[in-house]
Protein chains: 2
Amino acid sequence: MRDSDLNAALAEWKTALGEENVTADASATLPAQTATFSTRQRVLAILKPAHRAEVQDCLRIANFHGIPVYPVSRGKNWGYGSRVPTAPEAVLLDLCRLNRIVDFDEKLAYVTLEPGVTQGQLYAFLAERKSGLWMDATGSSNEASVVGNALERGFGHTPYGERFSHLCGLEAVLPNGEVLETGFHRFPGAKAAPTYPFGMGPYIDGLFTQSNFGVVTRMTLWLMPAPEYFQSFFFRSDNPGGLAPLVEAVRPLRLNGTIRNTIHIANDYKVLSGLRQYPFEETGGQTPLAPERMAEFRRRLHFGSWNGSGGLYGTRRQVAEARRLLRRALKGKIDRIGFIDDRMLALIGRFATPFRLLTGWDLSRTLAILRPVFGLMKGIPTDQPMESAYWRKRTVPPPQMDPDRDRCGLLWYAPVAPATGQDAVALTDATCEVALAHGFEPAISMTMVTERSLTCVISITYDRDVAGDDDAALRCLNALRTRLSTLGYYSYRLGVQSMVEMQGQNTYNRVLDSFRKTLDPKGILAPGRYSAR
Amino acid sequence: MRDSDLNAALAEWKTALGEENVTADASATLPAQTATFSTRQRVLAILKPAHRAEVQDCLRIANFHGIPVYPVSRGKNWGYGSRVPTAPEAVLLDLCRLNRIVDFDEKLAYVTLEPGVTQGQLYAFLAERKSGLWMDATGSSNEASVVGNALERGFGHTPYGERFSHLCGLEAVLPNGEVLETGFHRFPGAKAAPTYPFGMGPYIDGLFTQSNFGVVTRMTLWLMPAPEYFQSFFFRSDNPGGLAPLVEAVRPLRLNGTIRNTIHIANDYKVLSGLRQYPFEETGGQTPLAPERMAEFRRRLHFGSWNGSGGLYGTRRQVAEARRLLRRALKGKIDRIGFIDDRMLALIGRFATPFRLLTGWDLSRTLAILRPVFGLMKGIPTDQPMESAYWRKRTVPPPQMDPDRDRCGLLWYAPVAPATGQDAVALTDATCEVALAHGFEPAISMTMVTERSLTCVISITYDRDVAGDDDAALRCLNALRTRLSTLGYYSYRLGVQSMVEMQGQNTYNRVLDSFRKTLDPKGILAPGRYSAR
């Protein structure tokens, strides 16, 4: 790319969007090219269109001058690259100003959103209307984009946690600036557009997820009706070998619909990193935290080797029956189980100490993570999980957290396994071995995103201010990838540094490349994103 | 196409597949170009490959000689065109010999199939193994292809009735003969391939549904665990204006997960055409059957203006609670509701008369359709619904039904509406008006395929031996399409004669055309299928 091309494009973008919405200032571009791990990509400028028409202009201008453009909805892609583009150099297309909720239907339970709408914004929108509908929220943050996460096929924690199947049509600006609508949305006045995803003819919504085929400017998402009653459950197994029977016990309940949300199992490292920062004092500064030391923290802070959580949704009787079935399935496989609803949560808050005396179940320390986890199962977004990005930092998380700015080291890797005990053990054992050997704690959570599979999120958390750790973390990630793919576990999602993993069967990549070329002959839209090179 | 090209291709196909698997005999091709309505397309020959490699050969040869090829799995696409190709002339690629069940997992509840596997075959396979899993079945026939229906995004009647969301990866032969695998299937040894549909990168399974992008030679489908207890319900409203409150009452139960299957509501015409053939005697041969006459049949045969059916799946307590909620929701909106399980069905069969005396609910006449409908909700395929294709025939359905051969007239049209009372009424009112005006009975069923929408199947059933009816039926279909799309209701699926409906937003079609051209530059694979011309 020549400077003259970039300058010409910048001038045109300024005309299209207004001076104030185009910036090439280092004060803006440097933070945007910073992630929670080492990157070398450069952000040349940032464009902030406000409407679909301006997005079209941005892409037409980019095309004319051959400048790569990288769209971000809100850029909270923590652990996977934040706002950093996949190409060595690109102009950021920041969609934060496309932040309208353009349609909402209480009866049919859907909402149509632009990509700049945040989780917090949608939650406030529903609360304001006293809606009887719940959104699904991810464990990211209030500021994360709902659409952005859905396009990454991220997941949340309600019965609508598997995002893709609750997406019903989208509008995308193609690399040449044309606008495409999917499903029945492409037909004039189609009434079922927001309620029937497939439309007529080839169903193409999936093409716009994890891809660089278009800039999604609008998406319809389904919302769930709030149940008459909600009760969450939390269980733990104190036995490090207790994972396999847990998974085997829970899968049938997920398969038969008794458990409707994306039940979650976390290991001890994961829980500890949610409860506190790294115990530098107790370990005399030594890292990583050895498994032998964990037993002590588990006892002191009352958590298990494996810690499950999930929700029961329905009428009181439906929930009671689900509770009975869950207890029966887990019998002999766990050390504790607790059921918590809104009322009890309020009680615990007020009477943490007497409650512990009464039940023996100490929740005072865990309340800080219990509340957000409970809330997530009701679709309430939270900033709390972000705190764990500060696990290895020597200072406490600031009130306004920004892991990029604060040089938190965080790499996420998310392999998927069938939901069997054997697979869960093979995957977690290998992860622990590799992570510890590289000097990092294997913080693992497993979420039953579909009824048959576990999506495992592995966090490699470190301090970017510790010399050498940036490199060590990437080496660890590579080793994990090699080891886990040998075992047959591949990631459902990739960080900007890992697109090489898209290799695999050649025909798939060749076909997608050929499609990409017809849509984007100059390769200006997010080049390299989810494409094998 | 030149005859010499076709002859050369035929010779090569014979070499590749064996003489006996290539035929251009009129005794085979004429039946194949016959549907349940008037068509003019010609089938030039029929190829029967036995393996994926032979499918690849077939397509390579077709490509070389530029001969259009039209794949059919089992060809039971009744009402939409049977085996008739979309192009004026084509060679049929009959996949009936690709009939292997290549993978099956009881624990993770999935099966991997070739397109020639029939519903009856899969059912027998599961029964033989005494599997604890249920398949989903459509109301087509035992001989219908499981894969073929899924690729048309057809639907069935269990909680897995919405097919697409229960499909987990496929293998397709592209028009150039290359093989493509989707989802994690494209990675070597990927363990989650059959359990996690989306894989990594753009999710493209939807591209191979309702399309001509490839010949699907393998598909993984999820199966549902048989519930501890199953109970079906049947309700009716005798009030012709009773539809709207029914839909409003049922939708919330579907949305909140109390009703998990694709609940079904049929109008009186639909029920009558399931119970018997056209009442030529009673009407003195006059058609169509006027609404005023229906009241009499409803009374005599004990069905309502609106007739609902659905299933409750779970433990006995889960079912009991669902039953309570259903009764409560329908209170005052229906005239009768009955709950039937396996035991009661057996009893009814044995004691139909005493049962009627006891309960006042006469099931003797309806038992013939009750059994198959009950079975479909448990995933048991049936040939019974095919009988209604003989509705207007003057002779009774033969033991071996073949609507194409027997000159049954049948056109299906399947508009989708949001699941609201208002939409259901608007759609059915318009349908009745148009159908009756054209001389046909408006047989309508509505299925809540997703939690927010009704897929309406309208049958225009006639006798192809009645002069003029072929044309009148197509005119009726066109009028229906015009009227319903003006109201905002579009079909989820198209017959081979209706591909023109694919028009709509241009960008969508242009993008798909460009993709198609990269995959199939000569346009040899099912030209015209789900593409706007």
# chains A, B, ... in the order shown; residues from 1 in each chain; ligands from 1
$ residues_around --residues "region 202-208 of chain B" --least-positions-apart "5" --cutoff "10 Å" --atoms "only C-alpha atoms" --output "PyMOL selection string"
(chain A and resi 151-153+164+198+201-213+508-509+512+530-531) or (chain B and resi 151-153+164+167-172+181-183+197+213-216+512)
$ residues_around --residues "region 50-54 of chain B" --least-positions-apart "2" --cutoff "9 Å" --atoms "only C-alpha atoms" --output "MDAnalysis selection string"
chainID B and resid 16:17 21 48 56:59 95:99 172:173 177 179 217:218
$ write_last_selection --atoms "N, CA, C and O atoms" --output "PDB file, in the first residue's frame"
ATOM      1  N   ALA B  16     -18.071 -46.293 -16.061  1.00  0.00           N
ATOM      2  CA  ALA B  16     -17.801 -45.954 -14.658  1.00  0.00           C
ATOM      3  C   ALA B  16     -18.701 -46.721 -13.684  1.00  0.00           C
ATOM      4  O   ALA B  16     -18.245 -47.188 -12.638  1.00  0.00           O
ATOM      5  N   LEU B  17     -19.966 -46.891 -14.043  1.00  0.00           N
ATOM      6  CA  LEU B  17     -20.935 -47.452 -13.083  1.00  0.00           C
ATOM      7  C   LEU B  17     -21.346 -48.888 -13.398  1.00  0.00           C
ATOM      8  O   LEU B  17     -21.995 -49.536 -12.571  1.00  0.00           O
ATOM      9  N   ASN B  21     -26.354 -49.900 -14.380  1.00  0.00           N
ATOM     10  CA  ASN B  21     -26.676 -48.741 -13.559  1.00  0.00           C
ATOM     11  C   ASN B  21     -26.820 -47.448 -14.360  1.00  0.00           C
ATOM     12  O   ASN B  21     -26.828 -46.354 -13.788  1.00  0.00           O
ATOM     13  N   LYS B  48     -27.171 -44.603 -11.603  1.00  0.00           N
ATOM     14  CA  LYS B  48     -27.264 -45.069 -10.221  1.00  0.00           C
ATOM     15  C   LYS B  48     -25.905 -45.403  -9.633  1.00  0.00           C
ATOM     16  O   LYS B  48     -25.512 -46.571  -9.549  1.00  0.00           O
ATOM     17  N   GLN B  56     -18.569 -38.885  -7.869  1.00  0.00           N
ATOM     18  CA  GLN B  56     -17.530 -37.994  -8.405  1.00  0.00           C
ATOM     19  C   GLN B  56     -17.334 -38.240  -9.901  1.00  0.00           C
ATOM     20  O   GLN B  56     -17.281 -37.299 -10.689  1.00  0.00           O
ATOM     21  N   ASP B  57     -17.241 -39.517 -10.272  1.00  0.00           N
ATOM     22  CA  ASP B  57     -17.103 -39.861 -11.693  1.00  0.00           C
ATOM     23  C   ASP B  57     -18.268 -39.291 -12.507  1.00  0.00           C
ATOM     24  O   ASP B  57     -18.064 -38.716 -13.573  1.00  0.00           O
ATOM     25  N   CYS B  58     -19.460 -39.504 -12.007  1.00  0.00           N
ATOM     26  CA  CYS B  58     -20.642 -39.033 -12.732  1.00  0.00           C
ATOM     27  C   CYS B  58     -20.554 -37.541 -13.009  1.00  0.00           C
ATOM     28  O   CYS B  58     -20.853 -37.078 -14.118  1.00  0.00           O
ATOM     29  N   LEU B  59     -20.137 -36.781 -12.003  1.00  0.00           N
ATOM     30  CA  LEU B  59     -20.106 -35.328 -12.174  1.00  0.00           C
ATOM     31  C   LEU B  59     -18.963 -34.901 -13.084  1.00  0.00           C
ATOM     32  O   LEU B  59     -19.114 -33.988 -13.897  1.00  0.00           O
ATOM     33  N   LEU B  95     -29.624 -41.512  -6.235  1.00  0.00           N
ATOM     34  CA  LEU B  95     -28.675 -41.883  -5.176  1.00  0.00           C
ATOM     35  C   LEU B  95     -29.161 -43.043  -4.313  1.00  0.00           C
ATOM     36  O   LEU B  95     -28.624 -43.289  -3.241  1.00  0.00           O
ATOM     37  N   CYS B  96     -30.156 -43.784  -4.815  1.00  0.00           N
ATOM     38  CA  CYS B  96     -30.776 -44.821  -3.969  1.00  0.00           C
ATOM     39  C   CYS B  96     -29.787 -45.907  -3.529  1.00  0.00           C
ATOM     40  O   CYS B  96     -29.977 -46.536  -2.495  1.00  0.00           O
ATOM     41  N   ARG B  97     -28.707 -46.095  -4.309  1.00  0.00           N
ATOM     42  CA  ARG B  97     -27.747 -47.143  -3.911  1.00  0.00           C
ATOM     43  C   ARG B  97     -26.740 -46.645  -2.868  1.00  0.00           C
ATOM     44  O   ARG B  97     -26.023 -47.458  -2.281  1.00  0.00           O
ATOM     45  N   LEU B  98     -26.669 -45.364  -2.652  1.00  0.00           N
ATOM     46  CA  LEU B  98     -25.857 -44.864  -1.525  1.00  0.00           C
ATOM     47  C   LEU B  98     -26.736 -44.950  -0.298  1.00  0.00           C
ATOM     48  O   LEU B  98     -27.320 -43.952   0.143  1.00  0.00           O
ATOM     49  N   ASN B  99     -26.870 -46.145   0.226  1.00  0.00           N
ATOM     50  CA  ASN B  99     -27.872 -46.357   1.274  1.00  0.00           C
ATOM     51  C   ASN B  99     -27.270 -46.959   2.534  1.00  0.00           C
ATOM     52  O   ASN B  99     -27.861 -47.810   3.173  1.00  0.00           O
ATOM     53  N   ALA B 172     -20.033 -33.325   0.680  1.00  0.00           N
ATOM     54  CA  ALA B 172     -20.687 -33.067  -0.597  1.00  0.00           C
ATOM     55  C   ALA B 172     -19.683 -33.214  -1.727  1.00  0.00           C
ATOM     56  O   ALA B 172     -18.517 -32.844  -1.588  1.00  0.00           O
ATOM     57  N   VAL B 173     -20.163 -33.775  -2.832  1.00  0.00           N
ATOM     58  CA  VAL B 173     -19.363 -33.792  -4.047  1.00  0.00           C
ATOM     59  C   VAL B 173     -19.728 -32.529  -4.818  1.00  0.00           C
ATOM     60  O   VAL B 173     -20.901 -32.289  -5.118  1.00  0.00           O
ATOM     61  N   GLY B 177     -16.496 -32.497  -9.129  1.00  0.00           N
ATOM     62  CA  GLY B 177     -16.096 -33.822  -8.685  1.00  0.00           C
ATOM     63  C   GLY B 177     -15.276 -33.839  -7.409  1.00  0.00           C
ATOM     64  O   GLY B 177     -15.034 -34.894  -6.825  1.00  0.00           O
ATOM     65  N   VAL B 179     -14.452 -33.378  -3.393  1.00  0.00           N
ATOM     66  CA  VAL B 179     -15.234 -33.674  -2.195  1.00  0.00           C
ATOM     67  C   VAL B 179     -14.959 -32.626  -1.118  1.00  0.00           C
ATOM     68  O   VAL B 179     -13.807 -32.308  -0.834  1.00  0.00           O
ATOM     69  N   THR B 217     -23.383 -36.477  -0.057  1.00  0.00           N
ATOM     70  CA  THR B 217     -23.220 -37.925  -0.058  1.00  0.00           C
ATOM     71  C   THR B 217     -23.160 -38.499   1.363  1.00  0.00           C
ATOM     72  O   THR B 217     -23.092 -39.714   1.539  1.00  0.00           O
ATOM     73  N   ARG B 218     -23.204 -37.625   2.334  1.00  0.00           N
ATOM     74  CA  ARG B 218     -23.144 -38.090   3.721  1.00  0.00           C
ATOM     75  C   ARG B 218     -23.584 -36.954   4.636  1.00  0.00           C
ATOM     76  O   ARG B 218     -23.273 -35.794   4.369  1.00  0.00           O
TER      77      ARG B 218
END
$ closest_residue --among "B:Leu275, B:Met499, B:Val396, B:Ala9" --to "chain A" --atoms "only C-alpha atoms"
B:Met499
$ residues_around --residues "Glu162 (chain A)" --least-positions-apart "6" --cutoff "7 Å" --atoms "only C-alpha atoms" --output "list in words"
Phe155, Gly156, Val449 and Thr450 of chain A
$ closest_residue --among "B:Asn478, B:Asn256, B:Asn261, B:Gln384" --to "chain A" --atoms "only C-alpha atoms"
B:Asn256
$ residues_around --residues "Tyr229 (chain B)" --least-positions-apart "2" --cutoff "9 Å" --atoms "only C-alpha atoms" --output "ChimeraX atom specification"
/B:226-227,231,312-316,318-319,341
$ residues_around --residues "region 415-428 of chain B" --least-positions-apart "6" --cutoff "6 Å" --atoms "only C-alpha atoms" --output "ChimeraX atom specification"
/A:192 /B:244,247-248,452-456,489-492
$ write_last_selection --atoms "C-alpha atoms" --output "PDB file, in the first residue's frame"
ATOM      1  CA  ALA A 192     -41.845 -14.257   9.143  1.00  0.00           C
TER       2      ALA A 192
ATOM      3  CA  ALA B 244     -56.555 -17.164  16.630  1.00  0.00           C
ATOM      4  CA  VAL B 247     -52.366 -20.022  18.341  1.00  0.00           C
ATOM      5  CA  GLU B 248     -52.090 -17.331  20.997  1.00  0.00           C
ATOM      6  CA  ARG B 452     -42.068 -18.319  16.740  1.00  0.00           C
ATOM      7  CA  SER B 453     -43.447 -19.378  13.397  1.00  0.00           C
ATOM      8  CA  LEU B 454     -46.056 -21.480  11.692  1.00  0.00           C
ATOM      9  CA  THR B 455     -45.162 -23.390   8.596  1.00  0.00           C
ATOM     10  CA  CYS B 456     -48.365 -23.808   6.726  1.00  0.00           C
ATOM     11  CA  TYR B 489     -46.225 -14.834   3.586  1.00  0.00           C
ATOM     12  CA  TYR B 490     -43.579 -16.598   1.532  1.00  0.00           C
ATOM     13  CA  SER B 491     -42.968 -20.275   1.040  1.00  0.00           C
ATOM     14  CA  TYR B 492     -40.206 -22.048   2.926  1.00  0.00           C
TER      15      TYR B 492
END
$ select_by_dssp --residues "region 379-521 of chain A" --states "helix (DSSP H, G or I)" --output "JSON, numbers by chain"
{"A": [384, 385, 386, 387, 388, 389, 390, 421, 422, 423, 424, 425, 426, 427, 428, 429, 430, 431, 432, 433, 434, 435, 436, 437, 469, 470, 471, 472, 473, 474, 475, 476, 477, 478, 479, 480, 481, 482, 483, 484, 485, 486, 487, 499, 500, 501, 502, 506, 507, 508, 509, 510, 511, 512, 513, 514, 515, 516, 517, 518, 519]}
$ select_by_dssp --residues "region 417-508 of chain A" --states "strand (DSSP E or B)" --output "ChimeraX atom specification"
/A:417-418,443-450,453-463,490-491
$ write_last_selection --atoms "C-alpha atoms" --output "CSV table (one decimal), in the first residue's frame"
chain,number,residue,atom,x,y,z
A,417,ALA,CA,-14.8,-32.1,22.6
A,418,PRO,CA,-17.7,-34.5,22.6
A,443,ALA,CA,-7.5,-22.3,34.0
A,444,ILE,CA,-10.2,-24.2,32.3
A,445,SER,CA,-13.9,-23.9,32.0
A,446,MET,CA,-16.1,-26.3,30.0
A,447,THR,CA,-19.5,-25.3,28.7
A,448,MET,CA,-22.0,-27.7,27.2
A,449,VAL,CA,-22.8,-25.3,24.4
A,450,THR,CA,-24.6,-28.0,22.4
A,453,SER,CA,-20.3,-31.2,23.2
A,454,LEU,CA,-18.1,-29.3,25.6
A,455,THR,CA,-16.6,-26.0,24.5
A,456,CYS,CA,-13.5,-25.7,26.6
A,457,VAL,CA,-12.1,-22.2,27.3
A,458,ILE,CA,-8.5,-22.3,28.3
A,459,SER,CA,-7.0,-19.1,29.7
A,460,ILE,CA,-3.3,-18.5,29.6
A,461,THR,CA,-3.1,-15.5,31.9
A,462,TYR,CA,0.1,-13.6,32.5
A,463,ASP,CA,1.7,-10.2,33.1
A,490,TYR,CA,-9.9,-28.3,17.5
A,491,SER,CA,-10.8,-24.7,18.5
$ closest_residue --among "B:Gly139, B:Pro521, B:Gly468, B:Pro240" --to "Ala295 (chain B)" --atoms "only C-alpha atoms"
B:Pro240
$ residues_around --residues "Lys522 (chain B)" --least-positions-apart "5" --cutoff "9 Å" --atoms "only C-alpha atoms" --output "list in words"
Asn63, Gly66, Ile67, Pro68 and Lys517 of chain B
$ closest_residue --among "A:Ile265, A:Ala320, A:Leu525, A:Ala389" --to "chain B" --atoms "only C-alpha atoms"
A:Ala320
$ closest_residue --among "B:Val271, B:Ala190, B:Arg464, B:Pro225" --to "Ala368 (chain B)" --atoms "only C-alpha atoms"
B:Val271
$ closest_residue --among "A:Tyr160, A:Phe374, A:Phe125, A:Phe280" --to "Met344 (chain A)" --atoms "only C-alpha atoms"
A:Phe374
$ atom_distance --atom1 "CA of Pro399 (chain B)" --atom2 "CA of Thr118 (chain B)"
19.1 Å
$ atom_distance --atom1 "CA of Ile61 (chain B)" --atom2 "CA of Pro31 (chain B)"
24.6 Å
$ residues_around --residues "Ile369 (chain B)" --least-positions-apart "5" --cutoff "12 Å" --atoms "only C-alpha atoms" --output "number ranges by chain"
B: 139, 234, 270-276, 303, 309, 363-364, 374-376, 382-388
$ write_last_selection --atoms "N, CA, C and O atoms" --output "PDB file, in the first residue's frame"
ATOM      1  N   GLY B 139     -44.009 -36.680   7.574  1.00  0.00           N
ATOM      2  CA  GLY B 139     -45.232 -37.357   7.173  1.00  0.00           C
ATOM      3  C   GLY B 139     -45.209 -37.829   5.731  1.00  0.00           C
ATOM      4  O   GLY B 139     -46.266 -38.065   5.159  1.00  0.00           O
ATOM      5  N   PHE B 234     -54.529 -34.315  21.739  1.00  0.00           N
ATOM      6  CA  PHE B 234     -55.318 -33.982  20.562  1.00  0.00           C
ATOM      7  C   PHE B 234     -56.430 -33.059  21.045  1.00  0.00           C
ATOM      8  O   PHE B 234     -57.139 -33.386  21.986  1.00  0.00           O
ATOM      9  N   LYS B 270     -58.349 -30.571   5.876  1.00  0.00           N
ATOM     10  CA  LYS B 270     -57.159 -31.414   6.010  1.00  0.00           C
ATOM     11  C   LYS B 270     -57.524 -32.729   6.712  1.00  0.00           C
ATOM     12  O   LYS B 270     -57.108 -33.812   6.277  1.00  0.00           O
ATOM     13  N   VAL B 271     -58.292 -32.642   7.778  1.00  0.00           N
ATOM     14  CA  VAL B 271     -58.668 -33.847   8.522  1.00  0.00           C
ATOM     15  C   VAL B 271     -59.546 -34.751   7.660  1.00  0.00           C
ATOM     16  O   VAL B 271     -59.308 -35.959   7.558  1.00  0.00           O
ATOM     17  N   LEU B 272     -60.492 -34.151   7.006  1.00  0.00           N
ATOM     18  CA  LEU B 272     -61.400 -34.970   6.194  1.00  0.00           C
ATOM     19  C   LEU B 272     -60.636 -35.721   5.103  1.00  0.00           C
ATOM     20  O   LEU B 272     -60.881 -36.900   4.857  1.00  0.00           O
ATOM     21  N   SER B 273     -59.665 -35.036   4.487  1.00  0.00           N
ATOM     22  CA  SER B 273     -58.918 -35.698   3.408  1.00  0.00           C
ATOM     23  C   SER B 273     -57.991 -36.772   3.951  1.00  0.00           C
ATOM     24  O   SER B 273     -57.489 -37.610   3.200  1.00  0.00           O
ATOM     25  N   GLY B 274     -57.763 -36.769   5.265  1.00  0.00           N
ATOM     26  CA  GLY B 274     -57.022 -37.855   5.891  1.00  0.00           C
ATOM     27  C   GLY B 274     -57.929 -39.021   6.234  1.00  0.00           C
ATOM     28  O   GLY B 274     -57.503 -40.177   6.273  1.00  0.00           O
ATOM     29  N   LEU B 275     -59.198 -38.703   6.474  1.00  0.00           N
ATOM     30  CA  LEU B 275     -60.131 -39.737   6.933  1.00  0.00           C
ATOM     31  C   LEU B 275     -60.775 -40.519   5.796  1.00  0.00           C
ATOM     32  O   LEU B 275     -61.142 -41.678   5.957  1.00  0.00           O
ATOM     33  N   ARG B 276     -60.952 -39.863   4.671  1.00  0.00           N
ATOM     34  CA  ARG B 276     -61.686 -40.511   3.588  1.00  0.00           C
ATOM     35  C   ARG B 276     -61.403 -39.795   2.265  1.00  0.00           C
ATOM     36  O   ARG B 276     -60.768 -38.748   2.245  1.00  0.00           O
ATOM     37  N   PHE B 303     -64.770 -34.335  14.250  1.00  0.00           N
ATOM     38  CA  PHE B 303     -63.574 -33.492  14.306  1.00  0.00           C
ATOM     39  C   PHE B 303     -64.002 -32.032  14.293  1.00  0.00           C
ATOM     40  O   PHE B 303     -65.181 -31.726  14.079  1.00  0.00           O
ATOM     41  N   SER B 309     -52.627 -31.205  17.453  1.00  0.00           N
ATOM     42  CA  SER B 309     -51.982 -32.375  18.047  1.00  0.00           C
ATOM     43  C   SER B 309     -50.560 -32.007  18.413  1.00  0.00           C
ATOM     44  O   SER B 309     -49.952 -31.136  17.805  1.00  0.00           O
ATOM     45  N   LEU B 363     -63.325 -42.279  18.936  1.00  0.00           N
ATOM     46  CA  LEU B 363     -62.049 -42.399  18.247  1.00  0.00           C
ATOM     47  C   LEU B 363     -62.043 -43.501  17.201  1.00  0.00           C
ATOM     48  O   LEU B 363     -61.047 -43.682  16.511  1.00  0.00           O
ATOM     49  N   SER B 364     -63.158 -44.218  17.092  1.00  0.00           N
ATOM     50  CA  SER B 364     -63.129 -45.382  16.207  1.00  0.00           C
ATOM     51  C   SER B 364     -62.800 -44.993  14.765  1.00  0.00           C
ATOM     52  O   SER B 364     -61.949 -45.601  14.135  1.00  0.00           O
ATOM     53  N   PHE B 374     -49.837 -40.216  15.999  1.00  0.00           N
ATOM     54  CA  PHE B 374     -49.211 -40.555  17.281  1.00  0.00           C
ATOM     55  C   PHE B 374     -47.789 -41.077  17.031  1.00  0.00           C
ATOM     56  O   PHE B 374     -46.829 -40.659  17.679  1.00  0.00           O
ATOM     57  N   GLY B 375     -47.680 -41.977  16.082  1.00  0.00           N
ATOM     58  CA  GLY B 375     -46.381 -42.568  15.767  1.00  0.00           C
ATOM     59  C   GLY B 375     -45.370 -41.535  15.276  1.00  0.00           C
ATOM     60  O   GLY B 375     -44.205 -41.557  15.675  1.00  0.00           O
ATOM     61  N   LEU B 376     -45.832 -40.629  14.428  1.00  0.00           N
ATOM     62  CA  LEU B 376     -44.914 -39.610  13.898  1.00  0.00           C
ATOM     63  C   LEU B 376     -44.300 -38.789  15.029  1.00  0.00           C
ATOM     64  O   LEU B 376     -43.131 -38.399  14.960  1.00  0.00           O
ATOM     65  N   THR B 382     -44.464 -43.456   8.417  1.00  0.00           N
ATOM     66  CA  THR B 382     -45.730 -44.067   8.026  1.00  0.00           C
ATOM     67  C   THR B 382     -46.067 -43.726   6.581  1.00  0.00           C
ATOM     68  O   THR B 382     -45.687 -42.662   6.101  1.00  0.00           O
ATOM     69  N   ASP B 383     -46.775 -44.632   5.935  1.00  0.00           N
ATOM     70  CA  ASP B 383     -47.245 -44.349   4.573  1.00  0.00           C
ATOM     71  C   ASP B 383     -48.642 -43.738   4.568  1.00  0.00           C
ATOM     72  O   ASP B 383     -49.128 -43.317   3.525  1.00  0.00           O
ATOM     73  N   GLN B 384     -49.291 -43.700   5.727  1.00  0.00           N
ATOM     74  CA  GLN B 384     -50.691 -43.301   5.773  1.00  0.00           C
ATOM     75  C   GLN B 384     -50.988 -41.938   5.129  1.00  0.00           C
ATOM     76  O   GLN B 384     -51.924 -41.825   4.331  1.00  0.00           O
ATOM     77  N   PRO B 385     -50.190 -40.893   5.438  1.00  0.00           N
ATOM     78  CA  PRO B 385     -50.551 -39.577   4.885  1.00  0.00           C
ATOM     79  C   PRO B 385     -50.600 -39.558   3.353  1.00  0.00           C
ATOM     80  O   PRO B 385     -51.287 -38.730   2.771  1.00  0.00           O
ATOM     81  N   MET B 386     -49.888 -40.509   2.714  1.00  0.00           N
ATOM     82  CA  MET B 386     -49.911 -40.557   1.248  1.00  0.00           C
ATOM     83  C   MET B 386     -51.309 -40.816   0.708  1.00  0.00           C
ATOM     84  O   MET B 386     -51.628 -40.444  -0.421  1.00  0.00           O
ATOM     85  N   GLU B 387     -52.125 -41.489   1.516  1.00  0.00           N
ATOM     86  CA  GLU B 387     -53.475 -41.796   1.052  1.00  0.00           C
ATOM     87  C   GLU B 387     -54.242 -40.549   0.646  1.00  0.00           C
ATOM     88  O   GLU B 387     -55.068 -40.580  -0.268  1.00  0.00           O
ATOM     89  N   SER B 388     -53.955 -39.444   1.339  1.00  0.00           N
ATOM     90  CA  SER B 388     -54.729 -38.238   1.044  1.00  0.00           C
ATOM     91  C   SER B 388     -54.434 -37.687  -0.351  1.00  0.00           C
ATOM     92  O   SER B 388     -55.186 -36.854  -0.857  1.00  0.00           O
TER      93      SER B 388
END
